[in-house]
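File shown: coords_24.csv (CSV, C-alpha atoms).
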```csv
chain,number,residue,atom,x,y,z
A,1,MET,CA,1.1,2.7,-26.2
A,2,LEU,CA,3.6,-0.1,-26.4
A,3,PHE,CA,1.8,-2.8,-24.4
A,4,LYS,CA,-1.7,-2.0,-25.7
A,5,GLY,CA,-0.4,-2.4,-29.3
A,6,LEU,CA,1.3,-5.7,-28.6
A,7,PHE,CA,-1.7,-7.4,-27.0
A,8,GLY,CA,-4.7,-5.9,-28.6
A,9,GLN,CA,-5.2,-8.6,-31.2
A,10,LYS,CA,-5.5,-12.4,-31.2
A,11,ARG,CA,-2.9,-14.3,-33.2
A,12,PRO,CA,-4.4,-15.9,-36.3
A,13,GLU,CA,-3.7,-19.5,-35.1
A,14,THR,CA,-5.8,-19.0,-32.0
A,15,ARG,CA,-8.9,-18.3,-34.2
A,16,ASN,CA,-8.4,-21.6,-36.0
A,17,PRO,CA,-10.7,-24.4,-34.6
A,18,GLU,CA,-8.2,-27.1,-35.6
A,19,TYR,CA,-5.5,-25.3,-33.6
A,20,ARG,CA,-7.8,-25.1,-30.6
A,21,ARG,CA,-8.5,-28.8,-30.8
A,22,THR,CA,-4.8,-29.9,-31.1
A,23,ARG,CA,-2.9,-27.5,-28.9
A,24,MET,CA,-1.5,-28.5,-25.5
A,25,THR,CA,-3.9,-27.8,-22.7
A,26,THR,CA,-3.2,-27.0,-19.1
A,27,ASP,CA,-5.1,-25.9,-16.0
A,28,LYS,CA,-6.3,-22.4,-15.8
A,29,ILE,CA,-3.8,-21.0,-13.3
A,30,PHE,CA,-4.8,-17.3,-13.4
A,31,PRO,CA,-8.5,-17.2,-14.7
A,32,GLY,CA,-9.8,-13.9,-15.8
A,33,THR,CA,-6.5,-12.0,-15.2
A,34,MET,CA,-3.4,-10.8,-17.0
A,35,LEU,CA,-0.4,-10.5,-14.7
A,36,TYR,CA,2.2,-7.8,-15.5
A,37,LEU,CA,5.2,-9.1,-13.6
A,38,MET,CA,7.8,-6.4,-13.4
A,39,ARG,CA,11.4,-6.9,-12.1
A,40,HIS,CA,12.4,-3.9,-10.0
A,41,GLY,CA,14.7,-1.3,-11.5
A,42,ALA,CA,18.4,-1.4,-11.2
A,43,ILE,CA,20.4,-1.1,-8.0
A,44,GLU,CA,23.9,0.3,-7.7
A,45,ALA,CA,26.4,-1.9,-9.4
A,46,THR,CA,29.5,-3.2,-7.7
A,47,GLU,CA,32.9,-4.0,-9.1
A,48,GLN,CA,32.6,-7.7,-8.3
A,49,LYS,CA,29.5,-9.9,-9.0
A,50,ARG,CA,27.7,-10.5,-5.7
A,51,PHE,CA,24.7,-12.5,-4.6
A,52,VAL,CA,21.7,-10.3,-3.9
A,53,GLY,CA,18.6,-11.9,-2.3
A,54,GLN,CA,16.7,-10.3,0.5
A,55,ILE,CA,19.3,-7.7,1.5
A,56,ASP,CA,17.3,-4.5,1.3
A,57,LEU,CA,18.8,-2.1,-1.2
A,58,PRO,CA,17.4,1.1,-2.8
A,59,LEU,CA,17.1,1.8,-6.6
A,60,SER,CA,19.9,3.5,-8.3
A,61,LEU,CA,19.3,6.7,-10.3
A,62,HIS,CA,19.2,4.6,-13.4
A,63,GLY,CA,16.7,2.2,-11.8
A,64,ARG,CA,14.3,5.1,-11.0
A,65,LYS,CA,14.6,6.2,-14.6
A,66,GLN,CA,13.8,2.7,-15.8
A,67,ALA,CA,10.7,2.6,-13.6
A,68,GLY,CA,9.7,6.0,-15.0
A,69,TRP,CA,10.1,4.7,-18.6
A,70,GLN,CA,7.9,1.7,-17.9
A,71,ALA,CA,5.3,4.0,-16.2
A,72,ARG,CA,5.0,5.8,-19.5
A,73,CYS,CA,4.7,2.6,-21.5
A,74,LEU,CA,2.0,1.3,-19.2
A,75,MET,CA,0.0,4.5,-18.9
A,76,ASP,CA,-2.9,3.2,-21.1
A,77,ILE,CA,-3.2,-0.1,-19.3
A,78,PRO,CA,-5.9,-0.1,-16.6
A,79,PHE,CA,-4.8,-2.0,-13.5
A,80,SER,CA,-7.2,-3.4,-11.0
A,81,GLY,CA,-4.5,-3.8,-8.4
A,82,VAL,CA,-0.8,-3.2,-7.7
A,83,TRP,CA,1.2,-5.6,-5.6
A,84,CYS,CA,4.9,-5.7,-4.8
A,85,SER,CA,7.6,-7.3,-2.7
A,86,ASP,CA,8.1,-5.4,0.6
A,87,LEU,CA,11.8,-4.9,-0.2
A,88,GLU,CA,12.7,-1.2,-0.8
A,89,ARG,CA,13.8,-1.6,-4.5
A,90,ALA,CA,10.5,-3.3,-5.4
A,91,TYR,CA,8.3,-0.9,-3.5
A,92,GLU,CA,10.0,2.2,-4.9
A,93,THR,CA,9.6,0.8,-8.4
A,94,ALA,CA,5.9,0.1,-7.8
A,95,ALA,CA,5.4,3.6,-6.4
A,96,ILE,CA,6.9,5.2,-9.5
A,97,VAL,CA,5.0,3.0,-12.0
A,98,SER,CA,1.6,3.4,-10.3
A,99,ARG,CA,2.0,7.2,-9.5
A,100,ASP,CA,-1.2,9.2,-10.2
A,101,ARG,CA,-3.3,6.1,-10.7
A,102,GLY,CA,-5.1,6.3,-7.4
A,103,LEU,CA,-4.4,2.7,-6.5
A,104,SER,CA,-3.0,1.5,-3.1
A,105,ILE,CA,0.1,-0.6,-3.3
A,106,ILE,CA,-0.1,-3.8,-1.4
A,107,SER,CA,3.4,-5.1,-0.3
A,108,ALA,CA,4.0,-8.7,0.8
A,109,PRO,CA,7.0,-10.6,2.0
A,110,GLU,CA,5.9,-13.6,-0.1
A,111,LEU,CA,7.0,-11.7,-3.2
A,112,ARG,CA,10.5,-11.2,-1.9
A,113,GLU,CA,13.6,-12.5,-3.8
A,114,ILE,CA,15.0,-15.8,-2.8
A,115,ASN,CA,16.5,-15.9,0.7
A,116,LEU,CA,20.3,-16.5,0.3
A,117,GLY,CA,21.0,-16.8,4.0
A,118,GLN,CA,24.7,-16.3,4.9
A,119,TRP,CA,25.5,-15.7,1.2
A,120,ASP,CA,23.3,-12.7,0.8
A,121,GLY,CA,25.4,-9.7,-0.2
A,122,MET,CA,28.6,-11.7,-0.6
A,123,GLU,CA,30.8,-11.5,-3.7
A,124,MET,CA,30.8,-14.7,-5.7
A,125,THR,CA,34.6,-15.0,-5.5
A,126,GLN,CA,34.4,-14.8,-1.7
A,127,ILE,CA,31.7,-17.5,-1.6
A,128,ARG,CA,33.8,-19.8,-3.8
A,129,ARG,CA,36.8,-19.3,-1.6
A,130,GLN,CA,35.1,-19.7,1.8
A,131,PHE,CA,32.6,-22.4,0.9
A,132,PRO,CA,34.3,-24.6,-1.8
A,133,ASP,CA,32.4,-27.8,-1.0
A,134,LEU,CA,29.0,-26.0,-0.8
A,135,TRP,CA,29.8,-24.2,-4.1
A,136,GLN,CA,30.4,-27.5,-5.8
A,137,ALA,CA,27.1,-28.9,-4.3
A,138,ARG,CA,25.3,-25.9,-5.7
A,139,GLY,CA,26.6,-26.6,-9.2
A,140,GLU,CA,25.4,-30.2,-9.0
A,141,ASP,CA,21.8,-29.3,-8.2
A,142,PHE,CA,21.3,-25.6,-7.8
A,143,SER,CA,17.5,-25.7,-8.0
A,144,ARG,CA,17.3,-27.6,-4.7
A,145,PHE,CA,20.5,-26.4,-3.1
A,146,ARG,CA,20.2,-24.3,0.1
A,147,PRO,CA,23.1,-22.0,1.2
A,148,PRO,CA,23.4,-21.9,5.0
A,149,GLY,CA,20.2,-20.5,6.5
A,150,ALA,CA,18.7,-20.0,3.1
A,151,GLU,CA,16.0,-21.2,0.6
A,152,SER,CA,16.4,-23.2,-2.5
A,153,PHE,CA,14.7,-22.2,-5.8
A,154,ALA,CA,12.3,-25.1,-5.1
A,155,ASP,CA,11.4,-23.5,-1.8
A,156,LEU,CA,11.0,-20.1,-3.5
A,157,GLN,CA,8.6,-21.6,-6.0
A,158,GLN,CA,6.5,-23.2,-3.2
A,159,ARG,CA,6.4,-19.8,-1.5
A,160,ALA,CA,5.7,-17.5,-4.4
A,161,VAL,CA,3.4,-19.4,-6.8
A,162,PRO,CA,0.5,-20.2,-4.4
A,163,PHE,CA,0.6,-16.5,-3.2
A,164,ILE,CA,0.4,-15.2,-6.8
A,165,ARG,CA,-2.4,-17.6,-7.6
A,166,ASN,CA,-4.2,-16.3,-4.6
A,167,ILE,CA,-3.7,-12.7,-5.9
A,168,ALA,CA,-5.2,-13.7,-9.2
A,169,ALA,CA,-8.1,-15.5,-7.5
A,170,GLN,CA,-9.0,-12.3,-5.6
A,171,SER,CA,-8.8,-10.0,-8.7
A,172,ALA,CA,-9.9,-9.6,-12.3
A,173,GLY,CA,-8.4,-7.8,-15.2
A,174,ASN,CA,-4.8,-6.5,-15.3
A,175,ILE,CA,-2.7,-6.9,-12.2
A,176,LEU,CA,0.8,-5.3,-11.8
A,177,ILE,CA,3.2,-7.3,-9.6
A,178,VAL,CA,6.6,-5.7,-9.0
A,179,THR,CA,9.0,-8.4,-7.7
A,180,HIS,CA,12.3,-10.0,-8.3
A,181,SER,CA,14.0,-12.1,-11.0
A,182,GLY,CA,13.9,-15.2,-9.0
A,183,VAL,CA,10.2,-15.0,-8.4
A,184,ILE,CA,9.4,-14.3,-12.0
A,185,ARG,CA,11.7,-17.2,-13.2
A,186,VAL,CA,10.1,-19.8,-10.9
A,187,LEU,CA,6.6,-18.7,-11.9
A,188,ILE,CA,7.5,-19.0,-15.6
A,189,CYS,CA,8.9,-22.5,-15.0
A,190,HIS,CA,5.6,-23.4,-13.2
A,191,VAL,CA,3.4,-22.2,-16.0
A,192,LEU,CA,5.5,-23.8,-18.7
A,193,GLN,CA,6.0,-27.0,-16.7
A,194,MET,CA,9.7,-26.5,-17.1
A,195,PRO,CA,12.3,-27.9,-14.7
A,196,LEU,CA,13.8,-25.4,-12.3
A,197,SER,CA,17.3,-26.6,-13.5
A,198,HIS,CA,16.6,-24.5,-16.6
A,199,LEU,CA,15.5,-21.3,-14.9
A,200,PHE,CA,18.7,-19.3,-15.7
A,201,ARG,CA,17.9,-19.8,-19.4
A,202,ILE,CA,15.3,-17.1,-18.8
A,203,HIS,CA,17.0,-13.7,-19.0
A,204,LEU,CA,15.3,-10.9,-17.1
A,205,ASP,CA,16.6,-7.3,-17.2
A,206,TYR,CA,16.1,-4.8,-14.5
A,207,GLY,CA,12.8,-3.1,-15.1
A,208,GLY,CA,11.7,-5.8,-17.6
A,209,ILE,CA,8.0,-6.9,-17.7
A,210,THR,CA,6.7,-10.5,-18.3
A,211,LEU,CA,3.0,-11.1,-19.1
A,212,ILE,CA,1.2,-14.3,-18.0
A,213,GLY,CA,-2.5,-15.0,-18.2
A,214,ASP,CA,-5.2,-17.4,-19.2
A,215,ILE,CA,-6.0,-17.1,-22.9
A,216,ASN,CA,-8.6,-19.3,-24.7
A,217,GLY,CA,-8.7,-21.6,-21.7
A,218,MET,CA,-4.9,-22.1,-21.4
A,219,SER,CA,-2.4,-20.5,-19.2
A,220,GLN,CA,0.2,-18.8,-21.4
A,221,VAL,CA,3.4,-16.8,-21.0
A,222,ARG,CA,2.5,-14.0,-23.4
A,223,ALA,CA,5.8,-12.1,-23.3
A,224,VAL,CA,9.1,-12.2,-21.4
A,225,ASN,CA,11.4,-9.3,-20.5
A,226,LEU,CA,9.8,-6.4,-22.3
A,227,SER,CA,12.6,-4.2,-21.2
A,228,PRO,CA,14.2,-0.7,-21.1
A,229,ALA,CA,17.7,-2.3,-20.9
A,230,LEU,CA,18.7,-1.4,-24.4
A,231,LEU,CA,18.1,2.3,-23.8
A,232,THR,CA,20.8,4.6,-22.5
A,233,THR,CA,20.5,6.8,-19.4
A,234,ASP,CA,19.9,9.8,-21.7
A,235,ASP,CA,17.1,7.9,-23.5
A,236,LEU,CA,15.3,7.4,-20.2
A,237,THR,CA,15.1,11.0,-19.3
```

Show me, as structure tokens, the structure contained in the file I just sent.
Amino acid sequence: MLFKGLFGQKRPETRNPEYRRTRMTTDKIFPGTMLYLMRHGAIEATEQKRFVGQIDLPLSLHGRKQAGWQARCLMDIPFSGVWCSDLERAYETAAIVSRDRGLSIISAPELREINLGQWDGMEMTQIRRQFPDLWQARGEDFSRFRPPGAESFADLQQRAVPFIRNIAAQSAGNILIVTHSGVIRVLICHVLQMPLSHLFRIHLDYGGITLIGDINGMSQVRAVNLSPALLTTDDLT
């Protein structure tokens, strides 16, 4: 299947001793594991762009089809565990993807999307109109900015990364974690030692999968956003 074919062989440069001596090294963050980090499937779209954090929304019909497509892509990958955010859209995605595997799904609030406080569920135009000063402050340093009653992306990273490292420490092999775009982005930034101010340079589609693991003694982002997004609804049936 798709994922087995992509990751069944080592790249030529990783077999080169000179490459191994000169490449950048980093701590083993997820020793002995490969994390399959999946963004939940699509939710119902709205006419105006809105902020969606921990507001609890179900999958749309298209989101369920995206999850079904990824389930077929992953059918040959043996998972030792399945974890997910405890929000409905993530749990429903995990249930579809792991169906017939005989694995229990472990849900956890630590894997939730960023807490947006008073802004959660609000349209962007409404936020800019009601909170002009705060909106400007967000633009100046959005990685550390907290809306009223909310988290910053730095807070999210401090919440999610240690929890995911703990999952990896308890497990071995392939682990499926169904979560949210914010969680996946801050984890990628952590592994790549990339500033959070760049996190929106990482595009993540609904249903997309990112792979992170320790390869040859170095933590690596192996793939980002392996995604059903280019398929139409008919293709997903």

I'd like the neighbourhood of segment 41-49 of chain A as an mmCIF file with C-alpha atoms, in the frame of the given file, where a residue qualifies if any of its atoms comes within 9 Å (using only C-alpha atoms), though same-chain residues fewer than 5 positions away should be ignored.
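Final output, saved to around-v6.cif:
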```cif
data_model
loop_
_atom_site.group_PDB
_atom_site.id
_atom_site.type_symbol
_atom_site.label_atom_id
_atom_site.label_comp_id
_atom_site.auth_asym_id
_atom_site.auth_seq_id
_atom_site.Cartn_x
_atom_site.Cartn_y
_atom_site.Cartn_z
ATOM 1 C CA LEU A 57 18.800 -2.100 -1.200
ATOM 2 C CA PRO A 58 17.400 1.100 -2.800
ATOM 3 C CA LEU A 59 17.100 1.800 -6.600
ATOM 4 C CA SER A 60 19.900 3.500 -8.300
ATOM 5 C CA LEU A 61 19.300 6.700 -10.300
ATOM 6 C CA HIS A 62 19.200 4.600 -13.400
ATOM 7 C CA GLY A 63 16.700 2.200 -11.800
ATOM 8 C CA ARG A 64 14.300 5.100 -11.000
ATOM 9 C CA LYS A 65 14.600 6.200 -14.600
ATOM 10 C CA GLN A 66 13.800 2.700 -15.800
ATOM 11 C CA ALA A 67 10.700 2.600 -13.600
ATOM 12 C CA ARG A 89 13.800 -1.600 -4.500
ATOM 13 C CA ALA A 90 10.500 -3.300 -5.400
ATOM 14 C CA GLU A 92 10.000 2.200 -4.900
ATOM 15 C CA THR A 93 9.600 0.800 -8.400
ATOM 16 C CA MET A 122 28.600 -11.700 -0.600
ATOM 17 C CA GLU A 123 30.800 -11.500 -3.700
ATOM 18 C CA MET A 124 30.800 -14.700 -5.700
ATOM 19 C CA THR A 125 34.600 -15.000 -5.500
ATOM 20 C CA ASP A 205 16.600 -7.300 -17.200
ATOM 21 C CA TYR A 206 16.100 -4.800 -14.500
ATOM 22 C CA GLY A 207 12.800 -3.100 -15.100
ATOM 23 C CA GLY A 208 11.700 -5.800 -17.600
#
```

Open item on the list: Report, in Å with one decimal, the straight-line distance from atom CA of His40 of chain A to atom CA of Trp135 of chain A.
Closed with: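 Between atom CA of His40 of chain A and atom CA of Trp135 of chain A the gap is 27.4 Å.
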
Open item on the list: I want to know what sits within 6 Å of segment 104-108 of chain A, based on all atoms listed in the file, with residues of the same chain fewer than 5 positions away left out; could you give that as an MDAnalysis selection string?
Closed with: chainID A and resid 82:86

Once you have the residues from the selection above, write them out as a PDB file, in the frame of the given file, restricted to C-alpha atoms.
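To be explicit, this is the file written out as again.pdb:
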```pdb
ATOM      1  CA  VAL A  82      -0.800  -3.200  -7.700  1.00  0.00           C
ATOM      2  CA  TRP A  83       1.200  -5.600  -5.600  1.00  0.00           C
ATOM      3  CA  CYS A  84       4.900  -5.700  -4.800  1.00  0.00           C
ATOM      4  CA  SER A  85       7.600  -7.300  -2.700  1.00  0.00           C
ATOM      5  CA  ASP A  86       8.100  -5.400   0.600  1.00  0.00           C
TER       6      ASP A  86
END
```

- [ ] Go ahead and compute the interatomic distance for atom CA of Leu176 of chain A and atom CA of Cys189 of chain A, in Å to one decimal.
- [x] 19.3 Å

Task: Nearest-residue call for Leu111 of chain A, choices A:Arg99, A:Arg159, A:His198, A:Arg185, using all atoms listed in the file - done: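 The shortest atom-to-atom distance to Leu111 of chain A comes from A:Arg159.
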
Open item on the list: Within 8 Å of (6.4, -12.5, -12.9) in the file's own coordinates, which protein, DNA or RNA residues have an atom, counting only C-alpha atoms? List them as number ranges by chain.
Closed with: A: 35-39, 177-181, 183-185, 187-188, 209-212

Open item on the list: What does the structure give for the distance between atom CA of Arg165 of chain A and atom CA of Leu103 of chain A, in Å to one decimal?
Closed with: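 Atom CA of Leu103 of chain A lies 20.4 Å from atom CA of Arg165 of chain A.
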
Each residue of segment 121-221 of chain A lying at most 8 Å from segment 113-117 of chain A should get a row with its shortest atom-to-atom pair and the distance in Å to one decimal, counting all atoms listed in the file; could you produce that, ordered by chain and increasing number, as a Markdown table?
```
| residue | atom | partner | partner_atom | distance |
| --- | --- | --- | --- | --- |
| A:Arg146 | CA | A:Leu116 | CA | 7.8 |
| A:Pro147 | CA | A:Leu116 | CA | 6.2 |
| A:Pro148 | CA | A:Gly117 | CA | 5.7 |
| A:Gly149 | CA | A:Gly117 | CA | 4.5 |
| A:Ala150 | CA | A:Gly117 | CA | 4.0 |
| A:Glu151 | CA | A:Asn115 | CA | 5.3 |
| A:Ser152 | CA | A:Ile114 | CA | 7.5 |
| A:Phe153 | CA | A:Ile114 | CA | 7.1 |
| A:Leu156 | CA | A:Ile114 | CA | 5.9 |
| A:Thr179 | CA | A:Glu113 | CA | 7.3 |
| A:His180 | CA | A:Glu113 | CA | 5.3 |
| A:Ser181 | CA | A:Glu113 | CA | 7.2 |
| A:Gly182 | CA | A:Glu113 | CA | 5.9 |
| A:Val183 | CA | A:Glu113 | CA | 6.2 |
```

- [ ] Choose the residue, out of A:Glu110, A:Gly32, A:Arg101, A:Arg144, that has the smallest atom-to-atom separation from Gln170 of chain A; count only C-alpha atoms.
- [x] A:Gly32

Fill-in result for segment 34-58 of chain A, N, CA and C atoms as a compact mmCIF listing (two decimals), in the coordinates of the input:
```
# COMPACT_ATOMS: atom_id res chain seq x y z
N MET A 34 -4.71 -10.88 -16.28
CA MET A 34 -3.40 -10.80 -17.00
C MET A 34 -2.43 -10.20 -15.99
N LEU A 35 -1.40 -10.96 -15.70
CA LEU A 35 -0.40 -10.50 -14.70
C LEU A 35 0.74 -9.81 -15.47
N TYR A 36 1.01 -8.59 -15.05
CA TYR A 36 2.20 -7.80 -15.50
C TYR A 36 3.23 -7.95 -14.42
N LEU A 37 4.16 -8.84 -14.63
CA LEU A 37 5.20 -9.10 -13.60
C LEU A 37 6.43 -8.32 -13.97
N MET A 38 6.74 -7.36 -13.14
CA MET A 38 7.80 -6.40 -13.40
C MET A 38 8.99 -6.69 -12.45
N ARG A 39 10.19 -6.86 -13.00
CA ARG A 39 11.40 -6.90 -12.10
C ARG A 39 11.67 -5.45 -11.72
N HIS A 40 12.03 -5.26 -10.48
CA HIS A 40 12.40 -3.90 -10.00
C HIS A 40 13.46 -3.28 -10.84
N GLY A 41 13.59 -1.96 -10.74
CA GLY A 41 14.70 -1.30 -11.50
C GLY A 41 16.03 -1.58 -10.90
N ALA A 42 17.04 -1.06 -11.58
CA ALA A 42 18.40 -1.40 -11.20
C ALA A 42 18.83 -0.84 -9.87
N ILE A 43 19.72 -1.58 -9.23
CA ILE A 43 20.40 -1.10 -8.00
C ILE A 43 21.79 -0.70 -8.35
N GLU A 44 22.50 -0.13 -7.39
CA GLU A 44 23.90 0.30 -7.70
C GLU A 44 24.75 -0.91 -7.96
N ALA A 45 25.49 -0.81 -9.04
CA ALA A 45 26.40 -1.90 -9.40
C ALA A 45 27.62 -1.91 -8.54
N THR A 46 28.21 -3.09 -8.40
CA THR A 46 29.50 -3.20 -7.70
C THR A 46 30.53 -3.77 -8.60
N GLU A 47 31.77 -3.58 -8.22
CA GLU A 47 32.90 -4.00 -9.10
C GLU A 47 32.89 -5.50 -9.30
N GLN A 48 32.63 -6.25 -8.24
CA GLN A 48 32.60 -7.70 -8.30
C GLN A 48 31.15 -8.21 -8.26
N LYS A 49 30.87 -9.28 -9.00
CA LYS A 49 29.50 -9.90 -9.00
C LYS A 49 29.22 -10.38 -7.57
N ARG A 50 28.05 -10.05 -7.07
CA ARG A 50 27.70 -10.50 -5.70
C ARG A 50 26.27 -11.11 -5.76
N PHE A 51 25.99 -11.88 -4.73
CA PHE A 51 24.70 -12.50 -4.60
C PHE A 51 23.76 -11.51 -3.86
N VAL A 52 22.65 -11.19 -4.48
CA VAL A 52 21.70 -10.30 -3.90
C VAL A 52 20.34 -10.99 -3.78
N GLY A 53 19.91 -11.21 -2.55
CA GLY A 53 18.60 -11.90 -2.30
C GLY A 53 17.71 -10.93 -1.56
N GLN A 54 17.57 -11.13 -0.26
CA GLN A 54 16.70 -10.30 0.50
C GLN A 54 17.34 -9.15 1.23
N ILE A 55 18.63 -8.95 0.97
CA ILE A 55 19.30 -7.70 1.50
C ILE A 55 18.53 -6.54 0.90
N ASP A 56 18.24 -5.55 1.75
CA ASP A 56 17.30 -4.50 1.30
C ASP A 56 18.13 -3.30 0.77
N LEU A 57 18.04 -3.12 -0.54
CA LEU A 57 18.80 -2.10 -1.20
C LEU A 57 17.86 -1.17 -2.00
N PRO A 58 18.20 0.12 -2.09
CA PRO A 58 17.40 1.10 -2.80
C PRO A 58 17.68 1.00 -4.34
```
